[in-house]
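Engineer: Contents of query34.cif (mmCIF, C-alpha atoms and all ligand atoms):
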```cif
data_entry
loop_
_atom_site.label_atom_id
_atom_site.label_comp_id
_atom_site.auth_asym_id
_atom_site.auth_seq_id
_atom_site.Cartn_x
_atom_site.Cartn_y
_atom_site.Cartn_z
CA MET A 8 100.50 -63.91 138.93
CA VAL A 9 97.84 -63.23 136.31
CA THR A 10 95.88 -60.25 137.56
CA SER A 11 94.12 -58.84 134.54
CA ALA A 12 90.87 -56.95 135.05
CA ARG A 13 89.10 -59.78 133.22
CA SER A 14 90.34 -62.35 135.68
CA THR A 15 88.20 -63.87 138.41
CA ALA A 16 89.75 -64.82 141.75
CA VAL A 17 88.22 -67.46 143.99
CA SER A 18 89.41 -68.45 147.43
CA SER A 19 87.98 -71.41 149.33
CA SER A 20 87.18 -71.42 153.02
CA ARG A 21 90.02 -73.84 153.75
CA PRO A 22 92.63 -72.43 156.15
CA SER A 23 95.51 -72.78 153.70
CA ARG A 24 96.70 -69.43 152.35
CA LEU A 25 97.83 -71.17 149.16
CA ASP A 26 94.52 -72.13 147.59
CA ARG A 27 93.76 -69.16 145.32
CA VAL A 28 92.57 -69.83 141.77
CA THR A 29 92.73 -67.01 139.20
CA ILE A 30 91.12 -67.46 135.80
CA ASP A 31 92.15 -65.58 132.67
CA PRO A 32 89.22 -66.28 130.33
CA GLU A 33 90.83 -64.60 127.33
CA ARG A 34 94.03 -66.66 127.44
CA MET A 35 92.01 -69.69 128.65
CA THR A 36 94.33 -70.30 131.59
CA ALA A 37 94.13 -70.73 135.35
CA TRP A 38 96.79 -69.71 137.86
CA ILE A 39 96.37 -72.23 140.67
CA GLU A 40 98.08 -72.16 144.02
CA ALA A 41 99.40 -75.39 145.51
CA GLY A 42 96.54 -76.06 147.94
CA ALA A 43 93.65 -75.67 145.47
CA THR A 44 91.50 -78.72 144.79
CA TRP A 45 90.18 -79.56 141.34
CA GLN A 46 86.66 -78.67 142.45
CA GLU A 47 87.88 -75.15 143.26
CA VAL A 48 89.50 -74.83 139.83
CA ILE A 49 86.40 -76.26 138.11
CA ASP A 50 84.06 -73.88 139.95
CA ALA A 51 86.22 -70.86 139.12
CA ALA A 52 86.52 -71.78 135.41
CA ALA A 53 82.89 -72.81 134.80
CA PRO A 54 81.33 -69.29 134.66
CA HIS A 55 83.59 -68.66 131.64
CA GLY A 56 82.50 -71.88 129.87
CA LEU A 57 85.96 -73.35 130.55
CA ALA A 58 87.16 -76.53 132.27
CA PRO A 59 90.53 -77.94 133.46
CA LEU A 60 91.98 -81.42 132.93
CA ALA A 61 90.63 -82.64 136.27
CA GLY A 62 90.42 -86.31 137.19
CA SER A 63 87.71 -88.62 138.46
CA PHE A 64 87.62 -87.16 141.99
CA PRO A 65 87.46 -83.34 142.22
CA GLY A 66 88.53 -83.34 145.89
CA VAL A 67 92.11 -84.19 144.82
CA THR A 68 94.64 -81.34 145.06
CA ALA A 69 95.37 -80.15 141.53
CA VAL A 70 99.13 -79.43 141.78
CA PRO A 71 100.36 -82.87 142.97
CA TYR A 72 97.99 -84.55 140.47
CA ILE A 73 99.63 -82.55 137.65
CA LEU A 74 103.16 -83.22 138.97
CA GLY A 75 102.36 -86.95 138.61
CA GLY A 76 101.15 -86.60 135.00
CA GLY A 77 97.41 -86.27 135.51
CA LEU A 78 94.92 -88.57 133.77
CA SER A 79 91.75 -86.57 133.33
CA LEU A 80 88.13 -87.14 132.35
CA MET A 81 89.11 -85.66 128.96
CA ALA A 82 92.46 -87.49 128.76
CA ARG A 83 92.02 -89.13 125.35
CA ARG A 84 90.92 -85.81 123.85
CA TYR A 85 93.60 -83.48 125.29
CA GLY A 86 96.46 -85.64 126.69
CA PHE A 87 98.05 -85.50 130.12
CA ALA A 88 97.41 -82.57 132.46
CA ALA A 89 101.21 -82.16 132.70
CA ASP A 90 101.24 -81.49 128.93
CA HIS A 91 99.20 -78.32 129.47
CA VAL A 92 101.27 -76.44 132.06
CA ARG A 93 102.55 -73.02 130.99
CA ARG A 94 104.40 -71.79 134.07
CA ILE A 95 105.51 -73.21 137.41
CA GLU A 96 106.56 -71.23 140.46
CA VAL A 97 108.69 -73.46 142.69
CA VAL A 98 110.98 -73.23 145.71
CA THR A 99 113.95 -75.48 145.00
CA PRO A 100 115.84 -77.17 147.88
CA ASP A 101 118.48 -74.38 147.81
CA GLY A 102 115.73 -72.05 149.06
CA GLU A 103 115.38 -70.11 145.77
CA LEU A 104 111.94 -69.19 144.40
CA ARG A 105 112.20 -69.95 140.68
CA ASN A 106 110.12 -69.75 137.52
CA ALA A 107 110.69 -73.31 136.30
CA GLU A 108 109.79 -72.47 132.70
CA ASP A 109 113.04 -70.46 132.52
CA ASP A 110 115.04 -73.63 133.28
CA PRO A 111 114.31 -76.33 130.64
CA ASP A 112 115.60 -79.22 132.81
CA LEU A 113 113.58 -78.22 135.87
CA PHE A 114 110.46 -77.56 133.77
CA TRP A 115 110.84 -80.98 132.09
CA ALA A 116 111.33 -82.82 135.40
CA LEU A 117 108.52 -81.17 137.38
CA ARG A 118 105.90 -82.07 134.77
CA GLY A 119 105.61 -85.80 135.51
CA GLY A 120 108.46 -86.28 137.99
CA GLY A 121 106.29 -85.85 141.11
CA GLY A 122 107.48 -84.03 144.22
CA ASN A 123 111.21 -84.72 143.71
CA PHE A 124 112.50 -81.33 142.59
CA GLY A 125 111.05 -78.61 144.78
CA VAL A 126 107.97 -77.30 146.52
CA VAL A 127 105.62 -75.88 143.91
CA THR A 128 103.77 -72.84 145.15
CA ALA A 129 101.63 -72.25 142.03
CA MET A 130 101.33 -73.04 138.35
CA GLU A 131 99.57 -71.77 135.25
CA ILE A 132 97.57 -74.35 133.33
CA ASP A 133 95.48 -74.43 130.17
CA LEU A 134 91.71 -74.52 130.33
CA PHE A 135 89.46 -75.94 127.62
CA PRO A 136 86.11 -74.75 126.18
CA VAL A 137 84.11 -77.64 127.65
CA PRO A 138 81.10 -76.39 129.63
CA THR A 139 79.37 -79.77 129.71
CA LEU A 140 80.19 -83.46 129.55
CA TYR A 141 77.96 -86.32 128.46
CA GLY A 142 78.81 -88.85 131.10
CA GLY A 143 78.03 -90.95 134.10
CA SER A 144 78.07 -94.62 135.03
CA LEU A 145 76.33 -97.77 133.86
CA TYR A 146 76.25 -100.42 136.60
CA TYR A 147 75.99 -104.11 135.69
CA ASP A 148 75.82 -107.19 137.90
CA LEU A 149 78.78 -109.36 136.86
CA ALA A 150 76.85 -112.51 137.80
CA ALA A 151 74.01 -111.60 135.42
CA THR A 152 76.14 -109.97 132.69
CA PRO A 153 79.51 -111.80 132.73
CA GLY A 154 80.50 -110.40 129.31
CA VAL A 155 80.51 -106.75 130.44
CA LEU A 156 84.32 -106.35 130.51
CA ALA A 157 84.73 -107.88 127.05
CA ALA A 158 81.91 -105.71 125.69
CA TRP A 159 83.47 -102.54 127.11
CA HIS A 160 86.87 -103.60 125.71
CA ALA A 161 85.40 -104.13 122.21
CA TRP A 162 83.60 -100.78 122.40
CA THR A 163 86.75 -98.88 123.40
CA GLN A 164 88.33 -99.99 120.13
CA THR A 165 85.62 -98.20 118.15
CA VAL A 166 85.28 -94.86 119.96
CA PRO A 167 86.74 -91.46 118.95
CA ASP A 168 89.24 -89.57 121.12
CA ALA A 169 86.35 -87.47 122.48
CA VAL A 170 85.40 -90.52 124.57
CA THR A 171 87.36 -91.25 127.75
CA SER A 172 86.12 -94.22 129.74
CA ALA A 173 86.98 -96.74 132.42
CA VAL A 174 85.53 -99.69 134.24
CA GLY A 175 85.59 -100.39 137.97
CA VAL A 176 85.05 -103.96 139.24
CA ILE A 177 83.63 -103.45 142.72
CA PRO A 178 82.32 -105.91 145.33
CA PHE A 179 79.61 -103.87 147.06
CA PRO A 180 78.93 -104.93 150.65
CA ASP A 181 75.39 -105.82 151.67
CA ILE A 182 74.88 -102.80 153.91
CA GLU A 183 72.41 -99.94 154.22
CA PRO A 184 74.19 -96.93 152.68
CA ILE A 185 74.79 -98.87 149.42
CA PRO A 186 71.94 -98.38 146.88
CA ALA A 187 69.57 -101.38 147.04
CA ALA A 188 70.24 -102.32 143.39
CA LEU A 189 73.96 -102.80 144.10
CA ARG A 190 73.92 -104.18 147.64
CA GLY A 191 75.78 -107.48 148.08
CA LYS A 192 76.60 -107.71 144.36
CA HIS A 193 79.83 -107.84 142.40
CA ILE A 194 79.44 -104.92 140.03
CA ALA A 195 81.10 -103.66 136.87
CA GLN A 196 80.72 -99.86 136.84
CA LEU A 197 81.31 -98.45 133.35
CA GLN A 198 82.45 -94.83 133.78
CA LEU A 199 81.93 -92.72 130.66
CA SER A 200 83.02 -89.15 129.92
CA ILE A 201 82.41 -87.64 126.49
CA VAL A 202 83.33 -84.09 125.45
CA PRO A 203 80.78 -82.18 123.36
CA ASP A 204 82.78 -82.43 120.08
CA VAL A 205 80.69 -85.50 119.26
CA ASP A 206 77.15 -86.81 119.74
CA GLY A 207 77.49 -88.38 123.20
CA PRO A 208 74.31 -90.48 123.25
CA ALA A 209 75.14 -91.88 119.78
CA CYS A 210 78.62 -92.90 121.01
CA VAL A 211 77.08 -95.00 123.80
CA THR A 212 74.31 -96.66 121.74
CA ALA A 213 76.39 -99.67 120.69
CA LEU A 214 77.45 -100.35 124.27
CA ARG A 215 73.89 -100.12 125.57
CA ASP A 216 72.58 -102.34 122.74
CA ARG A 217 75.14 -105.03 123.53
CA LEU A 218 74.75 -105.03 127.31
CA GLY A 219 71.06 -104.31 127.81
CA GLU A 220 69.45 -102.53 130.72
CA PRO A 221 71.90 -101.64 133.52
CA LEU A 222 71.02 -101.85 137.22
CA ILE A 223 71.64 -98.10 137.50
CA ASP A 224 72.20 -95.58 134.70
CA THR A 225 73.53 -92.11 135.61
CA VAL A 226 74.76 -91.20 132.11
CA LYS A 227 73.44 -87.81 130.99
CA GLN A 228 74.47 -84.38 129.78
CA ARG A 229 75.78 -82.55 132.85
CA PRO A 230 77.56 -79.27 133.61
CA PHE A 231 81.30 -79.74 134.09
CA THR A 232 80.83 -78.64 137.71
CA GLU A 233 79.16 -82.05 138.27
CA SER A 234 81.98 -84.04 136.66
CA GLY A 235 82.74 -85.72 140.01
CA GLU A 236 79.44 -87.59 139.74
CA ILE A 237 80.66 -89.55 136.70
CA PHE A 238 82.84 -91.92 138.78
CA ASP A 239 80.95 -90.99 141.95
CA GLU A 240 83.87 -91.88 144.21
CA PRO A 241 83.29 -91.57 147.97
CA ALA A 242 84.50 -88.29 149.47
CA ARG A 243 85.19 -90.01 152.80
CA PRO A 244 88.94 -90.46 153.43
CA ASP A 245 89.93 -94.14 153.61
CA ALA A 246 93.16 -96.06 154.02
CA TYR A 247 94.07 -97.96 150.86
CA ARG A 248 96.99 -99.11 148.74
CA SER A 249 97.33 -99.92 145.08
CA ARG A 250 99.54 -101.20 142.31
CA ASN A 251 99.04 -100.88 138.58
CA LEU A 252 100.32 -101.80 135.15
CA LEU A 253 100.15 -99.81 131.93
CA LEU A 254 99.24 -102.20 129.11
CA SER A 255 99.67 -102.22 125.34
CA GLU A 256 96.40 -104.16 124.94
CA LEU A 257 93.74 -106.22 126.71
CA ASP A 258 92.73 -109.76 125.87
CA ASN A 259 89.28 -111.11 126.59
CA GLN A 260 90.46 -114.43 127.97
CA THR A 261 92.54 -112.77 130.72
CA LEU A 262 89.74 -110.27 131.33
CA THR A 263 87.41 -113.14 132.27
CA THR A 264 89.74 -114.03 135.20
CA ILE A 265 89.37 -110.62 136.89
CA PRO A 266 85.91 -111.04 138.46
CA SER A 267 86.91 -114.25 140.27
CA LEU A 268 90.39 -113.03 141.32
CA ALA A 269 89.02 -109.71 142.59
CA GLY A 270 85.61 -110.96 143.73
CA PRO A 271 84.06 -111.29 147.17
CA ASN A 272 86.33 -114.31 147.89
CA ALA A 273 89.58 -112.40 147.23
CA LYS A 274 92.18 -112.42 150.03
CA ALA A 275 91.38 -108.76 150.77
CA MET A 276 88.59 -106.50 149.60
CA CYS A 277 89.77 -104.81 146.41
CA ILE A 278 88.61 -102.75 143.47
CA VAL A 279 90.04 -103.35 140.02
CA GLY A 280 90.01 -100.38 137.68
CA ILE A 281 90.77 -100.34 133.97
CA ARG A 282 91.09 -97.00 132.19
CA HIS A 283 91.13 -96.61 128.42
CA LEU A 284 94.19 -94.58 127.35
CA GLY A 285 95.59 -93.84 123.88
CA GLY A 286 94.21 -90.97 121.81
CA ALA A 287 95.92 -87.67 122.66
CA LEU A 288 97.74 -89.35 125.58
CA SER A 289 100.01 -90.94 122.97
CA ASN A 290 101.03 -87.56 121.51
CA LYS A 291 104.23 -85.76 122.52
CA PRO A 292 103.51 -82.44 124.26
CA ALA A 293 104.49 -79.11 122.69
CA ILE A 294 107.28 -78.82 125.28
CA ASP A 295 108.67 -82.23 126.25
CA ASN A 296 108.17 -83.44 129.83
CA ALA A 297 108.97 -86.41 132.08
CA VAL A 298 105.68 -88.28 131.56
CA GLY A 299 106.55 -91.70 130.14
CA ASN A 300 104.87 -94.77 128.66
CA ARG A 301 102.80 -92.81 126.16
CA ASP A 302 102.27 -95.91 124.04
CA ALA A 303 100.09 -97.53 126.74
CA GLN A 304 96.50 -98.23 125.68
CA TYR A 305 95.03 -99.26 129.05
CA LEU A 306 95.80 -98.75 132.74
CA LEU A 307 94.98 -101.69 135.02
CA SER A 308 95.02 -100.97 138.74
CA VAL A 309 94.22 -102.95 141.88
CA LEU A 310 93.24 -100.95 144.93
CA SER A 311 93.02 -102.77 148.26
CA LEU A 312 91.14 -101.28 151.17
CA GLY A 313 92.97 -100.86 154.47
CA GLY A 314 96.54 -99.76 155.06
CA ASP A 315 98.25 -103.15 154.51
CA ASP A 316 100.31 -103.94 151.46
CA GLN A 317 98.52 -106.84 149.69
CA SER A 318 101.38 -107.91 147.44
CA ASP A 319 100.02 -111.43 146.84
CA LEU A 320 96.68 -110.04 145.74
CA TYR A 321 98.27 -107.45 143.41
CA ARG A 322 100.47 -110.14 141.88
CA ALA A 323 97.56 -112.58 141.38
CA ILE A 324 95.62 -109.97 139.41
CA LEU A 325 98.45 -108.14 137.63
CA ASP A 326 100.92 -110.96 136.77
CA PRO A 327 98.70 -112.57 134.08
CA TRP A 328 99.03 -109.25 132.20
CA SER A 329 102.82 -109.01 132.33
CA LYS A 330 103.22 -109.87 128.63
CA TYR A 331 101.33 -106.69 127.74
CA ALA A 332 102.97 -104.44 130.37
CA VAL A 333 104.72 -101.31 129.09
CA GLY A 334 105.22 -99.57 132.45
CA ARG A 335 103.43 -98.16 135.49
CA SER A 336 101.48 -95.02 136.35
CA LEU A 337 102.79 -92.79 139.16
CA ASN A 338 99.44 -91.25 140.11
CA PHE A 339 97.76 -94.65 140.50
CA SER A 340 100.49 -96.04 142.79
CA PHE A 341 99.28 -95.66 146.38
CA GLY A 342 101.92 -96.91 148.79
CA PRO A 343 105.68 -97.19 148.36
CA LEU A 344 107.11 -98.49 145.07
CA THR A 345 110.41 -100.34 144.77
CA GLN A 346 113.11 -98.48 142.81
CA ASP A 347 112.55 -100.94 139.91
CA GLU A 348 108.82 -100.22 139.92
CA LEU A 349 109.45 -96.47 140.09
CA ARG A 350 111.90 -96.75 137.19
CA GLU A 351 109.10 -98.36 135.15
CA THR A 352 106.92 -95.26 135.53
CA TYR A 353 109.33 -93.23 133.35
CA ASP A 354 110.97 -93.40 129.93
CA ASP A 355 114.09 -91.56 131.16
CA TYR A 356 114.61 -92.38 134.82
CA ASN A 357 118.36 -91.72 134.54
CA ARG A 358 117.79 -88.10 133.51
CA LEU A 359 115.43 -87.65 136.47
CA ALA A 360 117.98 -89.24 138.84
CA HIS A 361 120.72 -86.87 137.62
CA LEU A 362 118.41 -83.87 137.98
CA ARG A 363 117.41 -85.00 141.49
CA ALA A 364 121.10 -84.99 142.43
CA HIS A 365 121.51 -81.56 140.86
CA TYR A 366 118.53 -79.83 142.49
CA ASP A 367 118.39 -81.76 145.77
CA PRO A 368 121.94 -82.97 146.50
CA SER A 369 121.27 -83.54 150.22
CA ASN A 370 117.84 -85.23 149.78
CA LEU A 371 116.05 -82.45 151.62
CA LEU A 372 112.73 -83.34 149.99
CA HIS A 373 110.77 -86.42 151.08
CA PRO A 374 108.26 -87.03 148.29
CA ASN A 375 105.97 -90.07 148.39
CA HIS A 376 107.84 -91.67 145.45
CA PRO A 377 111.50 -90.62 145.89
CA ILE A 378 113.74 -90.80 142.84
CA THR A 379 117.21 -91.88 143.94
CA ALA A 380 119.74 -89.17 143.18
CA ARG A 381 122.59 -90.25 140.87
CA ARG A 382 125.80 -88.30 140.62
C1 LIG A 401 89.80 -90.68 144.94
C2 LIG A 401 90.99 -90.41 144.08
C3 LIG A 401 90.82 -90.32 142.69
C4 LIG A 401 91.92 -90.06 141.88
N1 LIG A 401 91.73 -89.95 140.51
C5 LIG A 401 92.78 -89.64 139.74
C6 LIG A 401 92.61 -89.44 138.33
O1 LIG A 401 91.49 -89.52 137.80
N2 LIG A 401 93.70 -89.15 137.59
C7 LIG A 401 94.94 -89.03 138.15
O2 LIG A 401 95.89 -88.74 137.43
N3 LIG A 401 95.13 -89.20 139.47
C8 LIG A 401 94.09 -89.51 140.27
N4 LIG A 401 94.29 -89.67 141.61
C9 LIG A 401 95.64 -89.67 142.15
C10 LIG A 401 96.12 -88.28 142.53
O3 LIG A 401 96.46 -87.57 141.38
C11 LIG A 401 97.34 -88.43 143.44
O4 LIG A 401 96.92 -88.96 144.66
C12 LIG A 401 98.13 -87.15 143.56
O5 LIG A 401 99.32 -87.45 144.21
C13 LIG A 401 97.41 -86.01 144.28
O6 LIG A 401 96.97 -86.41 145.43
P1 LIG A 401 97.08 -85.72 146.89
O7 LIG A 401 96.29 -84.47 146.93
O8 LIG A 401 96.66 -86.83 147.76
O9 LIG A 401 98.60 -85.31 147.03
P2 LIG A 401 99.67 -85.58 148.15
O10 LIG A 401 99.56 -86.99 148.64
O11 LIG A 401 99.60 -84.48 149.11
O12 LIG A 401 100.98 -85.44 147.31
C14 LIG A 401 101.40 -86.42 146.45
C15 LIG A 401 102.87 -86.16 146.12
O13 LIG A 401 103.06 -84.87 145.56
C16 LIG A 401 104.00 -84.13 146.35
N5 LIG A 401 103.48 -82.78 146.48
C17 LIG A 401 102.30 -82.40 147.00
N6 LIG A 401 102.19 -81.06 146.94
C18 LIG A 401 103.33 -80.60 146.35
C19 LIG A 401 103.81 -79.32 146.00
N7 LIG A 401 103.10 -78.23 146.24
N8 LIG A 401 105.04 -79.22 145.44
C20 LIG A 401 105.79 -80.31 145.19
N9 LIG A 401 105.38 -81.55 145.50
C21 LIG A 401 104.16 -81.70 146.07
C22 LIG A 401 104.11 -84.79 147.68
O14 LIG A 401 105.37 -84.64 148.21
C23 LIG A 401 103.86 -86.19 147.28
O15 LIG A 401 105.06 -86.69 146.79
C24 LIG A 401 93.20 -89.92 142.45
C25 LIG A 401 93.38 -89.99 143.83
C26 LIG A 401 92.28 -90.22 144.64
C27 LIG A 401 92.48 -90.26 146.12
#
```
Mind turning the file's structure into structure tokens?

Structural biologist:
Amino acid sequence: MVTSARSTAVSSSRPSRLDRVTIDPERMTAWIEAGATWQEVIDAAAPHGLAPLAGSFPGVTAVPYILGGGLSLMARRYGFAADHVRRIEVVTPDGELRNAEDDPDLFWALRGGGGNFGVVTAMEIDLFPVPTLYGGSLYYDLAATPGVLAAWHAWTQTVPDAVTSAVGVIPFPDIEPIPAALRGKHIAQLQLSIVPDVDGPACVTALRDRLGEPLIDTVKQRPFTESGEIFDEPARPDAYRSRNLLLSELDNQTLTTIPSLAGPNAKAMCIVGIRHLGGALSNKPAIDNAVGNRDAQYLLSVLSLGGDDQSDLYRAILDPWSKYAVGRSLNFSFGPLTQDELRETYDDYNRLAHLRAHYDPSNLLHPNHPITARR
């Protein structure tokens, strides 16, 4: 473990004894134990003006997020979180504690292959000199501004890699805890995250000019420690499931079908999310890893509330996009995938299947998305 005098160690109050985060500001790295959340990593890195490749919700545990690839708030600028892992300490199913970086196959498979190859106890990741983000959300009523998805789509084709953004199509119930401006409305929430390499406000001007005044505007310069407020996802645990497709492109005609398919009259309450990919996500990492589908330009996901699988609903929303589909994202698949669907999350599923058989010949591990061992 990195224990230089310059390092700062932070332990949370959670009972787990595997949640330590150790920052090395000089090397710009963090050694994170398997139970640490992104918020704990962010808070430890921030005093040094550094930030990790954390995602939209900082309450997520960092290690499993990275094992699944990791699509961060700075994804288009820096690539996948799995592309910025230096070392992994892992207990393989034979009971050995290993340094995965000494075994090229294991190191390749762990970075993107999920929980199929061992129990990771800690890893060393890169941090980035990003003390602040210009970001937040612009909320529009889809009934009043039906062109919001098309406008966001057009804007994404003009922005630099410093801009990572997404849109959530959300039917807000008409109940008290929901802000009055959103209550009972079908909303498009534009979620914007811009690293300080560029003039953030200038990047958003064209979008604001085209769409006019939003119902709510939370976009501002903010310390990275407040990055969770950009998407502002609820911290309350909920049962939900989801399916997704990675797409080569969007088309405006199919985009116009989303609000009605996913609206208040949908078979089950659902949230459609579209994330803009490309940029550095399309680059190969310095040391190759298992993350696939790097040519995808957008991620389209349907998240249904409640524990039931809503296959008909997922199909109704995702099938019209099949001609643009290049694969699926592991981290945005909540609920079991079929083997065919799991295969579509990778470029080289066969290599992963052979490595699963090698490292876990008796299927000791039970990850949420099990790769079938092939001998
Ligand atoms: C609100 C919310 C927002 C999200 N936003 C993003 C986002 O912006 N970008 C993104 O990429 N993802 C995002 N995710 C998805 C997230 O990355 C995955 O859910 C990921 O699996 C981590 O979640 P978890 O803590 O629930 O892990 P778990 O459900 O505990 O684990 C997920 C998988 O990892 C395996 N695993 C867990 N710990 C270890 C370990 N120590 N060693 C080996 N295997 C292990 C488990 O076996 C399991 O297979 C989001 C999830 C939520 C709930």

Engineer: List every protein, DNA or RNA residue that has at least one atom no more than 6 Å from (107.9, -83.5, 134.2) in the file's coordinates, counting only C-alpha atoms, and write the result as a list in words.

Structural biologist: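 Here the neighbourhood of the point contains Trp115, Ala116, Leu117, Arg118, Gly119, Gly120, Asn296, Ala297 and Val298 of chain A.
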
Engineer: Excluding segment 33-44 of chain A and its own-chain neighbours fewer than 4 positions away, which residues fall within 8 Å of it when counting only C-alpha atoms? Please give them as a list in words.

Structural biologist: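 In the requested format, the answer is Met8, Val9, Arg13, Ser23, Arg24, Leu25, Asp26, Arg27, Val28, Thr29, Val48, Ala52, Leu57, Pro65, Gly66, Val67, Thr68, Ala69, Val70, Pro71, Val127, Thr128, Ala129, Met130, Glu131, Ile132, Asp133, Leu134 and Phe135 of chain A.
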
Engineer: Which residues come within 8 Å of segment 300-313 of chain A, counting only C-alpha atoms, excluding same-chain residues fewer than 3 positions away, as an MDAnalysis selection string?

Structural biologist: chainID A and resid 245:257 275:285 288:290 317 321 324:325 333:336 339 352:354

Engineer: Nearest to ligand LIG 401 (chain A) among A:Ser200, A:Gln164, A:Thr264, A:Ser144, with distances taken over all atoms listed in the file: which residue is it?

Structural biologist: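 Residue with the minimum atom-to-atom distance to ligand LIG 401 (chain A): A:Ser200.
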
Engineer: Please determine, counting all atoms listed in the file, which residue among A:Val170, A:Ala293, A:Leu362, A:Ala89 has the shortest atom-to-atom distance to ligand LIG 401 (chain A).

Structural biologist: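 Result for the nearest residue to ligand LIG 401 (chain A): A:Ala89.
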
Engineer: One decimal, in Å: what's the spacing between atom N4 of ligand LIG 401 (chain A) and atom CA of Asp90 of chain A?

Structural biologist: 16.6 Å

Engineer: Check the smallest atom-to-atom distance from each of A:Val126, A:Leu156, A:Ala360, A:Leu74 to ligand LIG 401 (chain A) using all atoms listed in the file, then report the winner.

Structural biologist: A:Val126

Engineer: Using all atoms listed in the file, which residue out of A:Pro327, A:Gly299, A:Gly121, A:Gly235 lies closest to Thr263 of chain A?

Structural biologist: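 Using all atoms listed in the file, the shortest distance to Thr263 of chain A belongs to A:Pro327.
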
Engineer: For ligand LIG 401 (chain A), which of A:Lys227, A:His376, A:Arg358, A:His55 is the closest residue, counting all atoms listed in the file?

Structural biologist: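 Among A:Lys227, A:His376, A:Arg358, A:His55, it is A:His376 that comes nearest to ligand LIG 401 (chain A).
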
Engineer: I'd like the box whose edges run along x, y and z of the file and which contains every listed atom of segment 42-54 of chain A, padded by 3 Å per side; could you state its centre and edge lengths in Å, one decimal, as JSON?

Structural biologist:
```
{"center_x": 88.9, "center_y": -74.4, "center_z": 141.3, "size_x": 21.2, "size_y": 16.3, "size_z": 19.3}
```

Engineer: For Ala51 of chain A, which of A:Phe231, A:Leu149, A:Pro374, A:Pro368 is the closest residue, counting only C-alpha atoms?

Structural biologist: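 So, comparing all the options, the nearest one is A:Phe231.
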
Engineer: Which value, in Å to one decimal, gives the distance between atom CA of Ile237 of chain A and atom CA of Gly62 of chain A?

Structural biologist: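 Atom CA of Gly62 of chain A lies at a distance of 10.3 Å from atom CA of Ile237 of chain A.
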
Engineer: In Å, with one decimal, what is the gap from atom CA of Gly77 of chain A to atom N3 of ligand LIG 401 (chain A)?

Structural biologist: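 Straight-line distance from atom CA of Gly77 of chain A to atom N3 of ligand LIG 401 (chain A) works out to 5.4 Å.
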
Engineer: Just the residues within 8 Å of Glu240 of chain A, please, counting only C-alpha atoms, with nothing from its chain fewer than 3 positions along; format it as a list in words.

Structural biologist: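 With the cut-off at 8 Å, the set is Ser63, Phe64, Gly235 and Glu236 of chain A.
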
Engineer: Excluding same-chain residues fewer than 6 positions from Cys210 of chain A, what lies within 12 Å of it counting all atoms listed in the file, as a PyMOL selection string?

Structural biologist: chain A and resi 141-142+162-163+165-172+199-204+216+226
